[in-house]
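File shown here: start.tsv, holding TSV, C-alpha atoms and all ligand atoms.
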chain	number	residue	atom	x	y	z
F	14	MET	CA	-69.27	-66.07	-17.04
F	15	PRO	CA	-68.56	-63.05	-19.28
F	16	LYS	CA	-71.01	-62.45	-22.08
F	17	SER	CA	-68.47	-63.14	-24.83
F	18	SER	CA	-67.81	-66.68	-23.54
F	19	PRO	CA	-69.94	-69.56	-24.76
F	20	SER	CA	-72.55	-70.95	-22.35
F	21	GLN	CA	-71.93	-74.24	-20.57
F	22	SER	CA	-73.96	-76.23	-23.03
F	23	ALA	CA	-72.33	-74.41	-25.95
F	24	GLU	CA	-69.02	-75.56	-24.46
F	25	ASP	CA	-70.31	-79.14	-24.43
F	26	TYR	CA	-71.17	-78.87	-28.11
F	27	LEU	CA	-67.85	-77.34	-29.14
F	28	GLU	CA	-65.98	-79.96	-27.12
F	29	ARG	CA	-67.91	-82.80	-28.75
F	30	ILE	CA	-67.77	-81.39	-32.27
F	31	HIS	CA	-64.01	-81.02	-31.96
F	32	GLU	CA	-63.67	-84.57	-30.62
F	33	LEU	CA	-65.74	-85.99	-33.48
F	34	ILE	CA	-63.77	-84.09	-36.11
F	35	GLU	CA	-60.48	-85.26	-34.57
F	36	ARG	CA	-61.65	-88.87	-34.32
F	37	LYS	CA	-63.65	-89.31	-37.51
F	38	GLY	CA	-62.73	-86.34	-39.67
F	39	TYR	CA	-66.26	-84.90	-39.56
F	40	ALA	CA	-69.07	-84.16	-37.11
F	41	ARG	CA	-72.57	-85.16	-38.20
F	42	THR	CA	-75.69	-83.89	-36.46
F	43	VAL	CA	-76.74	-87.45	-35.67
F	44	ASP	CA	-73.39	-88.24	-34.01
F	45	ILE	CA	-73.45	-85.05	-31.98
F	46	ALA	CA	-76.99	-85.84	-30.85
F	47	THR	CA	-76.08	-89.40	-29.83
F	48	SER	CA	-72.96	-88.32	-28.04
F	49	LEU	CA	-74.67	-85.56	-26.03
F	50	ARG	CA	-77.91	-87.53	-25.59
F	51	VAL	CA	-80.04	-84.75	-27.06
F	52	ARG	CA	-82.50	-84.57	-29.96
F	53	GLN	CA	-81.22	-83.79	-33.45
F	54	ALA	CA	-83.45	-80.69	-33.50
F	55	SER	CA	-81.59	-79.36	-30.46
F	56	VAL	CA	-78.29	-79.94	-32.24
F	57	THR	CA	-79.50	-78.08	-35.32
F	58	ALA	CA	-80.61	-75.14	-33.18
F	59	MET	CA	-77.33	-74.97	-31.24
F	60	VAL	CA	-75.23	-75.34	-34.39
F	61	GLN	CA	-77.14	-72.40	-35.85
F	62	LYS	CA	-76.46	-70.36	-32.71
F	63	LEU	CA	-72.76	-71.28	-32.64
F	64	GLY	CA	-72.51	-70.39	-36.31
F	65	ASP	CA	-74.11	-66.99	-35.72
F	66	ALA	CA	-71.69	-66.37	-32.85
F	67	GLY	CA	-68.73	-67.16	-35.10
F	68	TYR	CA	-67.62	-70.45	-33.54
F	69	LEU	CA	-68.22	-72.66	-36.55
F	70	ASN	CA	-69.15	-72.76	-40.21
F	71	TYR	CA	-71.09	-75.21	-42.28
F	72	THR	CA	-69.57	-76.17	-45.60
F	73	LYS	CA	-71.28	-78.40	-48.08
F	74	TYR	CA	-68.42	-80.85	-48.54
F	75	ARG	CA	-66.69	-80.89	-45.17
F	76	GLY	CA	-69.77	-80.43	-42.99
F	77	LEU	CA	-69.13	-78.59	-39.72
F	78	VAL	CA	-65.83	-76.78	-39.41
F	79	LEU	CA	-64.70	-74.92	-36.31
F	80	THR	CA	-63.50	-71.38	-36.92
F	81	GLU	CA	-60.28	-70.18	-35.30
F	82	LYS	CA	-62.36	-68.79	-32.44
F	83	GLY	CA	-64.26	-72.07	-32.10
F	84	LEU	CA	-61.08	-74.11	-32.17
F	85	GLU	CA	-59.51	-71.92	-29.50
F	86	VAL	CA	-62.46	-72.57	-27.17
F	87	ALA	CA	-62.51	-76.29	-28.00
F	88	LEU	CA	-58.80	-76.64	-27.24
F	89	LYS	CA	-59.22	-74.81	-23.94
F	90	ILE	CA	-62.03	-77.18	-22.96
F	91	GLN	CA	-60.01	-80.20	-24.08
F	92	ASN	CA	-57.09	-78.99	-22.01
F	93	ARG	CA	-59.23	-78.53	-18.93
F	94	HIS	CA	-60.71	-82.00	-19.41
F	95	ALA	CA	-57.19	-83.45	-19.67
F	96	THR	CA	-56.13	-81.63	-16.48
F	97	LEU	CA	-59.11	-83.04	-14.58
F	98	SER	CA	-58.43	-86.55	-15.98
F	99	ARG	CA	-54.85	-86.38	-14.82
F	100	PHE	CA	-56.02	-85.33	-11.36
F	101	PHE	CA	-58.70	-87.99	-10.93
F	102	SER	CA	-56.44	-90.69	-12.38
F	103	LEU	CA	-54.18	-90.33	-9.35
F	104	PHE	CA	-56.75	-92.03	-7.15
F	105	GLY	CA	-57.51	-95.21	-9.05
F	106	LEU	CA	-61.14	-94.40	-9.78
F	107	ASP	CA	-63.12	-96.39	-12.32
F	108	PRO	CA	-62.41	-94.73	-15.73
F	109	GLU	CA	-66.05	-94.68	-16.87
F	110	THR	CA	-67.28	-93.03	-13.65
F	111	GLN	CA	-64.37	-90.66	-13.82
F	112	HIS	CA	-65.22	-89.61	-17.37
F	113	GLN	CA	-68.89	-89.04	-16.53
F	114	ASP	CA	-68.03	-87.03	-13.43
F	115	ILE	CA	-65.60	-84.83	-15.32
F	116	GLU	CA	-68.22	-84.17	-17.99
F	117	GLY	CA	-70.58	-83.25	-15.16
F	118	ILE	CA	-68.35	-80.74	-13.38
F	119	GLU	CA	-65.91	-79.39	-15.96
F	120	HIS	CA	-68.07	-76.51	-17.18
F	121	HIS	CA	-68.77	-75.34	-13.64
F	122	LEU	CA	-65.23	-74.90	-12.36
F	123	SER	CA	-63.48	-71.54	-12.32
F	124	PRO	CA	-60.03	-71.28	-13.92
F	125	GLU	CA	-58.61	-70.73	-10.40
F	126	THR	CA	-59.99	-74.05	-9.14
F	127	VAL	CA	-58.75	-75.90	-12.22
F	128	GLN	CA	-55.32	-74.37	-11.59
F	129	VAL	CA	-55.33	-75.61	-7.97
F	130	LEU	CA	-56.18	-79.13	-9.14
F	131	SER	CA	-53.48	-78.91	-11.79
F	132	ASP	CA	-50.91	-77.80	-9.19
F	133	LEU	CA	-52.05	-80.51	-6.79
F	134	THR	CA	-51.67	-83.11	-9.55
F	135	GLU	CA	-48.16	-81.91	-10.25
F	136	PHE	CA	-47.37	-81.97	-6.54
F	137	PHE	CA	-48.54	-85.59	-6.21
F	138	GLU	CA	-46.72	-86.60	-9.38
F	139	LYS	CA	-43.50	-85.15	-8.01
F	140	ASN	CA	-44.08	-86.70	-4.59
F	141	PRO	CA	-45.31	-90.25	-5.27
F	142	GLU	CA	-44.58	-91.24	-1.64
F	143	THR	CA	-47.05	-88.62	-0.43
F	144	LEU	CA	-49.68	-89.86	-2.85
F	145	LYS	CA	-49.04	-93.42	-1.70
F	146	ALA	CA	-49.40	-92.36	1.94
F	147	PHE	CA	-52.69	-90.64	1.15
F	148	ARG	CA	-54.06	-93.65	-0.72
F	149	GLN	CA	-53.02	-95.99	2.09
F	150	SER	CA	-54.55	-93.81	4.78
F	151	ARG	CA	-57.74	-93.66	2.78
F	152	ARG	CA	-57.84	-97.44	2.46
F	153	ARG	CA	-57.27	-97.80	6.21
F	154	SER	CA	-59.95	-95.30	7.19
F	155	ARG	CA	-62.50	-97.02	4.97
F	156	LYS	CA	-62.10	-100.42	6.62
H	1	FE2	FE	-65.11	-82.93	-21.38

Turn this file's structure into structure tokens for me.
Ligand code: FE2
Amino acid sequence: MPKSSPSQSAEDYLERIHELIERKGYARTVDIATSLRVRQASVTAMVQKLGDAGYLNYTKYRGLVLTEKGLEVALKIQNRHATLSRFFSLFGLDPETQHQDIEGIEHHLSPETVQVLSDLTEFFEKNPETLKAFRQSRRRSRK
């Protein structure tokens, strides 16, 4: 990953902060900590780092606010998550497992791989008979 890009865990934070702000209007340290299953001290340290790197600001009244740069990264991550969700949703996997797995892999995939999965999703969506054939063959081979 190029030096100017945020690290994988920084991506996790930006993704979650953006989600919280969208859902609740603000992102509190305690909510970020709960959501990422980390200690509040870790959140404080990462927020400091992200602030220094220009991804977010802290304002007294609105709390954490993503800068334009931070928002751009958050939207990219959100987009990638949505692409992976669309892909995995084709196969009727349990939504909770699916969500956890996406969170586990999404920061490790190259843009090229995400693009392949996106194209494959589009291919299956345009060819529902092919998807059906695949799902049936899978069911058969697992019996
Ligand atoms: Fe995600």

Within 9 Å of ligand FE2 1 (chain H), counting only C-alpha atoms and all ligand atoms, which protein or nucleic acid residues do you find, written as a CSV table (one decimal) with C-alpha atoms, in the coordinates of the input?
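Written file, part32.csv:
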chain,number,residue,atom,x,y,z
F,24,GLU,CA,-69.0,-75.6,-24.5
F,25,ASP,CA,-70.3,-79.1,-24.4
F,28,GLU,CA,-66.0,-80.0,-27.1
F,29,ARG,CA,-67.9,-82.8,-28.8
F,90,ILE,CA,-62.0,-77.2,-23.0
F,91,GLN,CA,-60.0,-80.2,-24.1
F,92,ASN,CA,-57.1,-79.0,-22.0
F,93,ARG,CA,-59.2,-78.5,-18.9
F,94,HIS,CA,-60.7,-82.0,-19.4
F,95,ALA,CA,-57.2,-83.4,-19.7
F,112,HIS,CA,-65.2,-89.6,-17.4
F,113,GLN,CA,-68.9,-89.0,-16.5
F,115,ILE,CA,-65.6,-84.8,-15.3
F,116,GLU,CA,-68.2,-84.2,-18.0
F,117,GLY,CA,-70.6,-83.2,-15.2
F,118,ILE,CA,-68.4,-80.7,-13.4
F,119,GLU,CA,-65.9,-79.4,-16.0
F,120,HIS,CA,-68.1,-76.5,-17.2

Please measure the separation of CA of His31 (chain F) and CA of Arg50 (chain F), giving the value in Å to one decimal. 16.6 Å

Closest to Gly76 (chain F) among F:Arg153, F:Arg41, F:Arg52, F:Lys89, using all atoms listed in the file? F:Arg41

Using all atoms listed in the file, the shortest atom-to-atom distance to Leu63 (chain F) among F:Leu103, F:Ala40, F:Leu88, F:Leu77 belongs to F:Leu77

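Reported to one decimal place, the separation of CA of Glu85 (chain F) from CA of Asp44 (chain F) is 21.9 Å.
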